[in-house]
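Q: Quick one, data_13.pdb (PDB, C-alpha atoms and all ligand atoms):
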```
ATOM      1  CA  MET A  44      13.672 -12.995  -5.733
ATOM      2  CA  SER A  45      10.729 -15.366  -6.162
ATOM      3  CA  ARG A  46       7.765 -13.235  -5.072
ATOM      4  CA  PRO A  47       5.620 -12.119  -8.053
ATOM      5  CA  VAL A  48       5.508  -8.462  -9.027
ATOM      6  CA  GLU A  49       2.135  -6.897  -8.255
ATOM      7  CA  ILE A  50       0.851  -3.490  -9.345
ATOM      8  CA  ALA A  51      -1.317  -1.759  -6.736
ATOM      9  CA  PRO A  52      -2.653   1.575  -7.973
ATOM     10  CA  SER A  53      -3.579   4.255  -5.496
ATOM     11  CA  VAL A  54      -6.959   5.790  -6.319
ATOM     12  CA  LEU A  55      -5.923   9.033  -4.653
ATOM     13  CA  PRO A  56      -5.563  10.787  -8.070
ATOM     14  CA  ALA A  57      -8.771   9.256  -9.486
ATOM     15  CA  ASP A  58     -11.849  11.263 -10.496
ATOM     16  CA  TYR A  59     -14.041  10.940  -7.398
ATOM     17  CA  SER A  60     -17.157  11.962  -9.333
ATOM     18  CA  LYS A  61     -16.991   8.505 -10.952
ATOM     19  CA  LEU A  62     -14.930   6.487  -8.500
ATOM     20  CA  GLY A  63     -16.653   3.186  -9.246
ATOM     21  CA  ALA A  64     -15.949   3.451 -12.954
ATOM     22  CA  GLU A  65     -12.368   4.481 -12.180
ATOM     23  CA  CYS A  66     -11.871   1.273 -10.187
ATOM     24  CA  VAL A  67     -13.358  -0.823 -13.000
ATOM     25  CA  ALA A  68     -10.983   0.908 -15.426
ATOM     26  CA  LEU A  69      -8.019   0.045 -13.181
ATOM     27  CA  GLN A  70      -9.134  -3.586 -13.055
ATOM     28  CA  ASP A  71      -9.551  -3.616 -16.831
ATOM     29  CA  ALA A  72      -6.045  -2.131 -17.158
ATOM     30  CA  GLY A  73      -4.654  -5.259 -15.477
ATOM     31  CA  VAL A  74      -3.837  -4.167 -11.925
ATOM     32  CA  ASP A  75      -3.416  -6.849  -9.260
ATOM     33  CA  ARG A  76      -5.060  -4.974  -6.396
ATOM     34  CA  ILE A  77      -6.327  -1.478  -5.549
ATOM     35  CA  GLN A  78      -4.943   0.567  -2.670
ATOM     36  CA  TRP A  79      -7.198   2.918  -0.739
ATOM     37  CA  ASP A  80      -5.199   5.694   0.915
ATOM     38  CA  VAL A  81      -7.215   6.253   4.090
ATOM     39  CA  MET A  82      -6.296   9.513   5.784
ATOM     40  CA  ASP A  83      -7.817  10.985   8.963
ATOM     41  CA  GLY A  84      -6.490  14.538   8.890
ATOM     42  CA  VAL A  85      -4.547  13.863  12.131
ATOM     43  CA  PHE A  86      -1.865  11.269  11.366
ATOM     44  CA  VAL A  87      -1.468  13.070   8.013
ATOM     45  CA  PRO A  88      -2.811  16.516   7.043
ATOM     46  CA  ASN A  89      -5.325  15.179   4.532
ATOM     47  CA  LEU A  90      -8.741  13.515   4.741
ATOM     48  CA  THR A  91      -9.929  10.807   2.344
ATOM     49  CA  PHE A  92     -11.933   7.590   2.144
ATOM     50  CA  GLY A  93     -14.321   6.255   4.772
ATOM     51  CA  PRO A  94     -15.323   2.573   4.829
ATOM     52  CA  ASP A  95     -18.744   3.269   3.305
ATOM     53  CA  VAL A  96     -17.124   4.646   0.137
ATOM     54  CA  ILE A  97     -15.080   1.469  -0.235
ATOM     55  CA  ALA A  98     -18.062  -0.762   0.561
ATOM     56  CA  SER A  99     -20.116   0.943  -2.162
ATOM     57  CA  ILE A 100     -17.505   0.059  -4.769
ATOM     58  CA  ARG A 101     -16.624  -3.422  -3.531
ATOM     59  CA  PRO A 102     -19.424  -5.236  -5.476
ATOM     60  CA  HIS A 103     -18.307  -3.691  -8.776
ATOM     61  CA  VAL A 104     -14.735  -4.963  -8.995
ATOM     62  CA  ASP A 105     -13.065  -8.292  -8.253
ATOM     63  CA  VAL A 106      -9.478  -7.310  -7.437
ATOM     64  CA  VAL A 107      -8.248  -7.308  -3.857
ATOM     65  CA  PHE A 108      -8.685  -4.050  -1.941
ATOM     66  CA  GLU A 109      -6.026  -2.976   0.489
ATOM     67  CA  ALA A 110      -6.589  -0.240   3.055
ATOM     68  CA  HIS A 111      -3.522   1.873   3.806
ATOM     69  CA  LEU A 112      -4.588   3.341   7.140
ATOM     70  CA  MET A 113      -2.804   6.631   7.638
ATOM     71  CA  VAL A 114      -4.737   7.187  10.843
ATOM     72  CA  VAL A 115      -4.098   7.497  14.570
ATOM     73  CA  GLU A 116      -5.320   4.671  16.831
ATOM     74  CA  PRO A 117      -6.146   2.348  13.906
ATOM     75  CA  ASP A 118      -7.515  -0.423  16.154
ATOM     76  CA  ARG A 119     -10.827   1.387  16.421
ATOM     77  CA  LEU A 120     -11.275   1.278  12.607
ATOM     78  CA  LEU A 121      -9.875  -2.109  11.571
ATOM     79  CA  HIS A 122     -13.188  -3.974  11.552
ATOM     80  CA  ARG A 123     -14.890  -1.223   9.503
ATOM     81  CA  TYR A 124     -12.408  -1.558   6.632
ATOM     82  CA  VAL A 125     -12.446  -5.347   6.708
ATOM     83  CA  GLU A 126     -16.259  -5.318   6.654
ATOM     84  CA  ALA A 127     -16.092  -2.835   3.744
ATOM     85  CA  GLY A 128     -14.240  -5.471   1.736
ATOM     86  CA  CYS A 129     -10.518  -4.842   2.267
ATOM     87  CA  GLY A 130      -8.577  -8.114   2.228
ATOM     88  CA  ILE A 131      -5.335  -6.427   3.297
ATOM     89  CA  VAL A 132      -5.126  -3.824   6.067
ATOM     90  CA  ILE A 133      -1.942  -1.816   6.518
ATOM     91  CA  VAL A 134      -1.304   0.152   9.701
ATOM     92  CA  HIS A 135       1.534   2.557  10.360
ATOM     93  CA  ALA A 136       4.069   1.399  12.931
ATOM     94  CA  GLU A 137       4.252   5.017  14.092
ATOM     95  CA  ALA A 138       0.515   5.012  14.931
ATOM     96  CA  CYS A 139       0.507   1.796  16.976
ATOM     97  CA  THR A 140       1.356   1.702  20.669
ATOM     98  CA  HIS A 141       0.905  -2.108  20.609
ATOM     99  CA  LEU A 142       1.791  -3.090  17.039
ATOM    100  CA  HIS A 143       1.960  -6.833  17.803
ATOM    101  CA  ARG A 144      -1.583  -6.770  19.193
ATOM    102  CA  THR A 145      -2.905  -4.641  16.300
ATOM    103  CA  LEU A 146      -1.480  -6.967  13.647
ATOM    104  CA  ALA A 147      -2.930 -10.003  15.438
ATOM    105  CA  HIS A 148      -6.272  -8.174  15.529
ATOM    106  CA  ILE A 149      -6.230  -7.688  11.738
ATOM    107  CA  ALA A 150      -5.574 -11.415  11.260
ATOM    108  CA  GLU A 151      -8.397 -12.301  13.687
ATOM    109  CA  LEU A 152     -10.729 -10.192  11.544
ATOM    110  CA  GLY A 153      -9.769 -12.339   8.550
ATOM    111  CA  ALA A 154      -7.580  -9.860   6.662
ATOM    112  CA  THR A 155      -3.875  -9.919   5.829
ATOM    113  CA  PRO A 156      -1.889  -7.721   8.239
ATOM    114  CA  GLY A 157       0.494  -5.142   6.834
ATOM    115  CA  VAL A 158       2.721  -2.546   8.462
ATOM    116  CA  ALA A 159       3.874   0.707   6.867
ATOM    117  CA  LEU A 160       7.141   2.419   7.780
ATOM    118  CA  ASN A 161       7.535   6.159   7.306
ATOM    119  CA  PRO A 162      10.872   7.318   5.879
ATOM    120  CA  HIS A 163      12.370   8.019   9.309
ATOM    121  CA  THR A 164      11.321   4.673  10.831
ATOM    122  CA  PRO A 165      14.066   2.032  10.957
ATOM    123  CA  ALA A 166      13.550  -1.338   9.252
ATOM    124  CA  ASN A 167      14.175  -3.263  12.472
ATOM    125  CA  VAL A 168      10.831  -2.109  13.863
ATOM    126  CA  ILE A 169       9.452  -5.284  12.219
ATOM    127  CA  SER A 170      11.941  -7.617  13.904
ATOM    128  CA  HIS A 171       9.550  -9.057  16.508
ATOM    129  CA  VAL A 172       6.340  -9.105  14.425
ATOM    130  CA  ARG A 173       7.582 -10.758  11.227
ATOM    131  CA  ASP A 174       5.594 -13.912  11.931
ATOM    132  CA  LEU A 175       2.371 -11.848  11.964
ATOM    133  CA  LEU A 176       2.982  -9.968   8.715
ATOM    134  CA  GLY A 177       1.746 -10.550   5.172
ATOM    135  CA  MET A 178       3.232  -7.310   3.898
ATOM    136  CA  VAL A 179       5.667  -4.557   4.830
ATOM    137  CA  LEU A 180       5.121  -1.208   3.142
ATOM    138  CA  VAL A 181       8.235   0.942   2.886
ATOM    139  CA  MET A 182       7.076   4.519   2.303
ATOM    140  CA  THR A 183       9.160   6.265  -0.337
ATOM    141  CA  VAL A 184       7.526   9.630   0.407
ATOM    142  CA  ASN A 185       6.279  11.228   3.595
ATOM    143  CA  PRO A 186       2.604  10.203   3.671
ATOM    144  CA  GLY A 187      -0.353  12.493   3.087
ATOM    145  CA  PHE A 188      -0.395  13.439  -0.563
ATOM    146  CA  GLY A 189       0.150  11.994  -4.022
ATOM    147  CA  GLY A 190       2.486  13.432  -6.627
ATOM    148  CA  GLN A 191       5.518  13.783  -4.345
ATOM    149  CA  ALA A 192       9.115  13.055  -5.305
ATOM    150  CA  TYR A 193      10.496   9.554  -4.708
ATOM    151  CA  ILE A 194      12.955   9.371  -1.799
ATOM    152  CA  GLY A 195      15.751   7.251  -3.280
ATOM    153  CA  THR A 196      17.585   6.975   0.036
ATOM    154  CA  MET A 197      14.892   4.483   1.063
ATOM    155  CA  GLU A 198      16.402   1.827  -1.218
ATOM    156  CA  PRO A 199      18.934   0.544   1.357
ATOM    157  CA  LYS A 200      16.044   0.324   3.807
ATOM    158  CA  ILE A 201      14.018  -1.745   1.327
ATOM    159  CA  ALA A 202      17.004  -4.087   1.050
ATOM    160  CA  GLU A 203      17.278  -4.250   4.849
ATOM    161  CA  VAL A 204      13.582  -5.150   5.126
ATOM    162  CA  ALA A 205      14.092  -7.839   2.469
ATOM    163  CA  SER A 206      16.960  -9.278   4.473
ATOM    164  CA  LEU A 207      14.889  -9.268   7.668
ATOM    165  CA  LEU A 208      12.058 -11.059   5.839
ATOM    166  CA  GLU A 209      14.151 -13.899   4.421
ATOM    167  CA  GLY A 210      12.325 -17.099   5.299
ATOM    168  CA  PHE A 211       9.032 -15.286   5.987
ATOM    169  CA  ASP A 212       6.001 -15.347   3.677
ATOM    170  CA  CYS A 213       5.715 -11.597   3.354
ATOM    171  CA  ASP A 214       5.463  -9.125   0.467
ATOM    172  CA  ILE A 215       7.436  -5.905   0.334
ATOM    173  CA  GLU A 216       5.500  -2.939  -0.978
ATOM    174  CA  VAL A 217       6.670   0.579  -1.826
ATOM    175  CA  ASP A 218       4.490   3.648  -2.071
ATOM    176  CA  GLY A 219       5.290   7.157  -3.157
ATOM    177  CA  GLY A 220       6.764   8.578  -6.330
ATOM    178  CA  ILE A 221       6.766   5.175  -8.041
ATOM    179  CA  GLY A 222       6.865   5.534 -11.822
ATOM    180  CA  PRO A 223       8.884   4.513 -14.897
ATOM    181  CA  ASP A 224      12.016   6.297 -13.679
ATOM    182  CA  THR A 225      11.963   5.037 -10.087
ATOM    183  CA  VAL A 226      10.380   1.565 -10.108
ATOM    184  CA  ALA A 227      13.558  -0.293 -11.095
ATOM    185  CA  GLY A 228      15.528   0.982  -8.097
ATOM    186  CA  ALA A 229      12.791   0.012  -5.663
ATOM    187  CA  ALA A 230      12.242  -3.402  -7.259
ATOM    188  CA  ALA A 231      15.959  -4.174  -7.457
ATOM    189  CA  ALA A 232      16.245  -3.326  -3.757
ATOM    190  CA  GLY A 233      13.590  -5.944  -2.969
ATOM    191  CA  ALA A 234      10.081  -4.531  -3.466
ATOM    192  CA  ASN A 235       7.613  -6.795  -5.258
ATOM    193  CA  VAL A 236       4.371  -4.809  -4.764
ATOM    194  CA  LEU A 237       4.410  -1.368  -6.369
ATOM    195  CA  VAL A 238       1.923   1.329  -5.423
ATOM    196  CA  SER A 239       1.586   4.047  -7.987
ATOM    197  CA  GLY A 240      -0.905   6.881  -8.326
ATOM    198  CA  SER A 241       0.040   9.947 -10.319
ATOM    199  CA  ALA A 242       2.486   8.135 -12.616
ATOM    200  CA  LEU A 243      -0.257   5.730 -13.762
ATOM    201  CA  TYR A 244      -2.774   8.494 -14.401
ATOM    202  CA  ARG A 245      -0.120  10.691 -16.052
ATOM    203  CA  ASP A 246       0.806   8.187 -18.795
ATOM    204  CA  PRO A 247      -0.348   9.691 -22.129
ATOM    205  CA  ALA A 248      -0.668   6.162 -23.543
ATOM    206  CA  GLY A 249      -3.309   5.321 -20.936
ATOM    207  CA  LEU A 250      -3.711   3.140 -17.840
ATOM    208  CA  GLU A 251      -3.146  -0.230 -19.495
ATOM    209  CA  HIS A 252       0.168   0.917 -20.970
ATOM    210  CA  ALA A 253       1.216   2.438 -17.662
ATOM    211  CA  VAL A 254       0.434  -0.743 -15.714
ATOM    212  CA  THR A 255       2.146  -3.031 -18.221
ATOM    213  CA  ASP A 256       5.207  -0.783 -18.457
ATOM    214  CA  LEU A 257       5.574  -0.552 -14.676
ATOM    215  CA  ARG A 258       5.261  -4.321 -14.333
ATOM    216  CA  GLN A 259       7.814  -5.012 -17.053
ATOM    217  CA  ARG A 260      10.310  -2.572 -15.568
ATOM    218  CA  ALA A 261       9.920  -4.096 -12.125
ATOM    219  CA  GLU A 262      10.241  -7.669 -13.404
ATOM    220  CA  ALA A 263      13.348  -6.766 -15.396
ATOM    221  CA  ALA A 264      14.910  -5.188 -12.314
ATOM    222  CA  ARG A 265      14.195  -8.301 -10.212
ATOM    223  CA  ALA A 266      15.386 -10.815 -12.840
TER     224      ALA A 266
HETATM  225  C1  LIG B 301       0.965   9.175   0.267
HETATM  226  C2  LIG B 301       0.152   8.282  -0.631
HETATM  227  C3  LIG B 301       0.751   8.315  -2.033
HETATM  228  C4  LIG B 301      -0.070   7.610  -3.060
HETATM  229  C5  LIG B 301       0.729   7.392  -4.327
HETATM  230  O1  LIG B 301       0.367   9.228   1.510
HETATM  231  O2  LIG B 301       0.153   6.946  -0.109
HETATM  232  O3  LIG B 301       2.031   7.749  -1.965
HETATM  233  O4  LIG B 301      -0.507   6.421  -2.551
HETATM  234  O5  LIG B 301       1.079   8.632  -4.774
HETATM  235  P1  LIG B 301       2.039   8.867  -6.027
HETATM  236  O6  LIG B 301       2.187   7.560  -6.790
HETATM  237  O7  LIG B 301       1.323   9.921  -6.828
HETATM  238  O8  LIG B 301       3.332   9.325  -5.466
END
```
Take the structure in this file and express it as structure tokens.
A:
Amino acid sequence: MSRPVEIAPSVLPADYSKLGAECVALQDAGVDRIQWDVMDGVFVPNLTFGPDVIASIRPHVDVVFEAHLMVVEPDRLLHRYVEAGCGIVIVHAEACTHLHRTLAHIAELGATPGVALNPHTPANVISHVRDLLGMVLVMTVNPGFGGQAYIGTMEPKIAEVASLLEGFDCDIEVDGGIGPDTVAGAAAAGANVLVSGSALYRDPAGLEHAVTDLRQRAEAARA
């Protein structure tokens, strides 16, 4: 498994009264990218970050931003999140009538296309768009909220995605309930990009310890 392990914190649990400083703290803690959980209150029953929030923070940190668009009809918003400074844009397969066209649109805008699969969505949804993808996100919770329990039955699906992506230049990301007790299973199954929110913020030893520990556990599982 040659792809490098990357830690991508979700800022969902961050203190929004000082969101810029929270992103700087994540960067200082050694994360590889920052994931913005964008929710529209329709695709998922929660409402979060607009592009202007992300754009306001973009100049203050250097790490890559990825937009996880948990929205209906994402095509209408793609350019807004790319212009806000997101280098990776992830759409949900379940929200795209024409996924092939949407992924090509993200690439045309200059960002890396990603697709997210909800727990019920089969891995083979990606079969005919693999050449367009820079990342597949296997959801290990049902999207909408942080702090949920990891769905371990997604591990065979992660492995199936990894098998489908053999020969393709594409990361495999997992998101939901990723922490010290669950990261090894997801990484061993094939994930190399780990999204974590509550587990990072919950670590009593602080963010830097949490990030380093998660990375070490994932690397050990993929060795
Ligand atoms: C669900 C969100 C969460 C979040 C991470 O829609 O995508 O998975 O990023 O949440 P934790 O790490 O707290 O499960």
Q: Check which residues satisfy the PyMOL selection byres (((chain A and resi 190) around 9) and not hetatm) in the file shown, then give them as a PyMOL selection string.
A: chain A and resi 56+188-189+191-192+219-220+240-242
Q: Tell me, as a PDB file with C-alpha atoms, in the coordinates of the input, which residues lie within 9 Å of A:Arg101, counting all atoms listed in the file; anything in the same chain fewer than 5 positions away does not count.
A:
```
ATOM      1  CA  GLY A  63     -16.653   3.186  -9.246  1.00  0.00           C
ATOM      2  CA  VAL A  96     -17.124   4.646   0.137  1.00  0.00           C
ATOM      3  CA  PHE A 108      -8.685  -4.050  -1.941  1.00  0.00           C
ATOM      4  CA  ALA A 127     -16.092  -2.835   3.744  1.00  0.00           C
ATOM      5  CA  GLY A 128     -14.240  -5.471   1.736  1.00  0.00           C
ATOM      6  CA  CYS A 129     -10.518  -4.842   2.267  1.00  0.00           C
TER       7      CYS A 129
END
```
Q: Mind working out the centre and edge lengths of an axis-aligned box for ligand LIG 301 (chain B), all listed atoms inside, 8 Å added to each side, rounded to one decimal in Å and written as lines of an AutoDock Vina configuration file?
A:
```
center_x = 1.4
center_y = 8.2
center_z = -2.7
size_x = 19.8
size_y = 19.5
size_z = 24.3
```
Q: Please write the residues picked by the PyMOL selection byres (((chain A and resi 247-250) around 12) and not hetatm) on this file as a PDB file with C-alpha atoms, in the frame of the given file.
A:
```
ATOM      1  CA  ILE A  50       0.851  -3.490  -9.345  1.00  0.00           C
ATOM      2  CA  PRO A  52      -2.653   1.575  -7.973  1.00  0.00           C
ATOM      3  CA  ALA A  57      -8.771   9.256  -9.486  1.00  0.00           C
ATOM      4  CA  GLU A  65     -12.368   4.481 -12.180  1.00  0.00           C
ATOM      5  CA  CYS A  66     -11.871   1.273 -10.187  1.00  0.00           C
ATOM      6  CA  VAL A  67     -13.358  -0.823 -13.000  1.00  0.00           C
ATOM      7  CA  ALA A  68     -10.983   0.908 -15.426  1.00  0.00           C
ATOM      8  CA  LEU A  69      -8.019   0.045 -13.181  1.00  0.00           C
ATOM      9  CA  GLN A  70      -9.134  -3.586 -13.055  1.00  0.00           C
ATOM     10  CA  ASP A  71      -9.551  -3.616 -16.831  1.00  0.00           C
ATOM     11  CA  ALA A  72      -6.045  -2.131 -17.158  1.00  0.00           C
ATOM     12  CA  GLY A  73      -4.654  -5.259 -15.477  1.00  0.00           C
ATOM     13  CA  VAL A  74      -3.837  -4.167 -11.925  1.00  0.00           C
ATOM     14  CA  SER A 239       1.586   4.047  -7.987  1.00  0.00           C
ATOM     15  CA  GLY A 240      -0.905   6.881  -8.326  1.00  0.00           C
ATOM     16  CA  SER A 241       0.040   9.947 -10.319  1.00  0.00           C
ATOM     17  CA  ALA A 242       2.486   8.135 -12.616  1.00  0.00           C
ATOM     18  CA  LEU A 243      -0.257   5.730 -13.762  1.00  0.00           C
ATOM     19  CA  TYR A 244      -2.774   8.494 -14.401  1.00  0.00           C
ATOM     20  CA  ARG A 245      -0.120  10.691 -16.052  1.00  0.00           C
ATOM     21  CA  ASP A 246       0.806   8.187 -18.795  1.00  0.00           C
ATOM     22  CA  GLU A 251      -3.146  -0.230 -19.495  1.00  0.00           C
ATOM     23  CA  HIS A 252       0.168   0.917 -20.970  1.00  0.00           C
ATOM     24  CA  ALA A 253       1.216   2.438 -17.662  1.00  0.00           C
ATOM     25  CA  VAL A 254       0.434  -0.743 -15.714  1.00  0.00           C
ATOM     26  CA  THR A 255       2.146  -3.031 -18.221  1.00  0.00           C
ATOM     27  CA  ASP A 256       5.207  -0.783 -18.457  1.00  0.00           C
ATOM     28  CA  LEU A 257       5.574  -0.552 -14.676  1.00  0.00           C
TER      29      LEU A 257
END
```
Q: Can you tell me, as a list in words, what residues are no more than 7 Å from A:Gly177 when counting only C-alpha atoms, ignoring any on the same chain fewer than 6 positions away?
A: Thr155, Pro156, Gly157, Asp212, Cys213 and Asp214 of chain A
Q: With distances taken over all atoms listed in the file, which of A:His111, A:Arg173, A:Arg260, A:Arg144 is nearest to A:Ile131?
A: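 Smallest separation from A:Ile131 among the options: A:His111.
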Q: Excluding same-chain residues fewer than 3 positions from stretch 179-187 of chain A, what lies within 7 Å of it counting only C-alpha atoms, as a list in words?
A: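 These residues fall inside the cut-off: Val87, Pro88, Asn89, Gly157, Val158, Ala159, Leu160, Asn161, Pro162, Gln191, Ala192, Tyr193, Ile194, Met197, Ile201, Asp214, Ile215, Glu216, Val217, Asp218, Gly219 and Gly220 of chain A.
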Q: For a test of reading the model, state the distance in Å between atom CA of A:Val134 and atom CA of A:Leu112, rounded to one decimal.
A: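 Atom-to-atom, atom CA of A:Val134 to atom CA of A:Leu112, that is 5.2 Å.
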Q: With the file shown as input, list the residues that the PyMOL selection byres (((chain A and resi 168) around 10) and not hetatm) selects, as a PyMOL selection string.
A: chain A and resi 136-137+142+158+160+164-167+169-173+204
Q: Could you please take those selected residues and save C-alpha atoms as a PDB file, keeping the file's coordinate frame?
A:
```
ATOM      1  CA  ALA A 136       4.069   1.399  12.931  1.00  0.00           C
ATOM      2  CA  GLU A 137       4.252   5.017  14.092  1.00  0.00           C
ATOM      3  CA  LEU A 142       1.791  -3.090  17.039  1.00  0.00           C
ATOM      4  CA  VAL A 158       2.721  -2.546   8.462  1.00  0.00           C
ATOM      5  CA  LEU A 160       7.141   2.419   7.780  1.00  0.00           C
ATOM      6  CA  THR A 164      11.321   4.673  10.831  1.00  0.00           C
ATOM      7  CA  PRO A 165      14.066   2.032  10.957  1.00  0.00           C
ATOM      8  CA  ALA A 166      13.550  -1.338   9.252  1.00  0.00           C
ATOM      9  CA  ASN A 167      14.175  -3.263  12.472  1.00  0.00           C
ATOM     10  CA  ILE A 169       9.452  -5.284  12.219  1.00  0.00           C
ATOM     11  CA  SER A 170      11.941  -7.617  13.904  1.00  0.00           C
ATOM     12  CA  HIS A 171       9.550  -9.057  16.508  1.00  0.00           C
ATOM     13  CA  VAL A 172       6.340  -9.105  14.425  1.00  0.00           C
ATOM     14  CA  ARG A 173       7.582 -10.758  11.227  1.00  0.00           C
ATOM     15  CA  VAL A 204      13.582  -5.150   5.126  1.00  0.00           C
TER      16      VAL A 204
END
```
Q: Here is a test: counting all atoms listed in the file, which residue of A:Gly84, A:Pro199, A:Pro47, A:Gly153 is nearest to ligand LIG 301 (chain B)?
A: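 Using all atoms listed in the file, ligand LIG 301 (chain B) sits closest to A:Gly84.
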Q: What is the distance between atom CA of A:Ala234 and atom CA of A:His103, in Å to one decimal?
A: 28.9 Å
Q: In terms of the shortest atom-to-atom distance over all atoms listed in the file, which of A:Ile97, A:Val107, A:Val48, A:Met82 is closest to ligand LIG 301 (chain B)?
A: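 Among A:Ile97, A:Val107, A:Val48, A:Met82, it is A:Met82 that comes nearest to ligand LIG 301 (chain B).
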Q: Between atom CA of A:Ala227 and atom CA of A:Met113, what is the distance in Å, rounded to a tenth?
A: 25.8 Å
Q: For the point (-6.5, -4.2, 5.4) in the file's frame, write as a ChimeraX atom specification all residues with an atom no more than 6 Å away, counting all atoms listed in the file.
A: /A:109-110,129-133,154
Q: Using all atoms listed in the file, pick whichever of A:Val115, A:Ile77, A:Ala231, A:Leu175 has the shortest atom-to-atom distance to A:His143.
A: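 Closest candidate: A:Leu175.
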Q: Ranking A:Asp80, A:Asp224, A:Asp58, A:Asp75 by minimum distance to ligand LIG 301 (chain B) and counting all atoms listed in the file, which one comes first?
A: A:Asp80
Q: Could you list as a compact mmCIF listing (two decimals) with C-alpha atoms, in the coordinates of the input every residue that has an atom within 7 Å of (-8.8, -2.9, 15.5), using the file's coordinates and counting all atoms listed in the file?
A:
```txt
# COMPACT_ATOMS: atom_id res chain seq x y z
CA PRO A 117 -6.15 2.35 13.91
CA ASP A 118 -7.52 -0.42 16.15
CA ARG A 119 -10.83 1.39 16.42
CA LEU A 120 -11.28 1.28 12.61
CA LEU A 121 -9.88 -2.11 11.57
CA HIS A 122 -13.19 -3.97 11.55
CA THR A 145 -2.90 -4.64 16.30
CA HIS A 148 -6.27 -8.17 15.53
CA ILE A 149 -6.23 -7.69 11.74
```
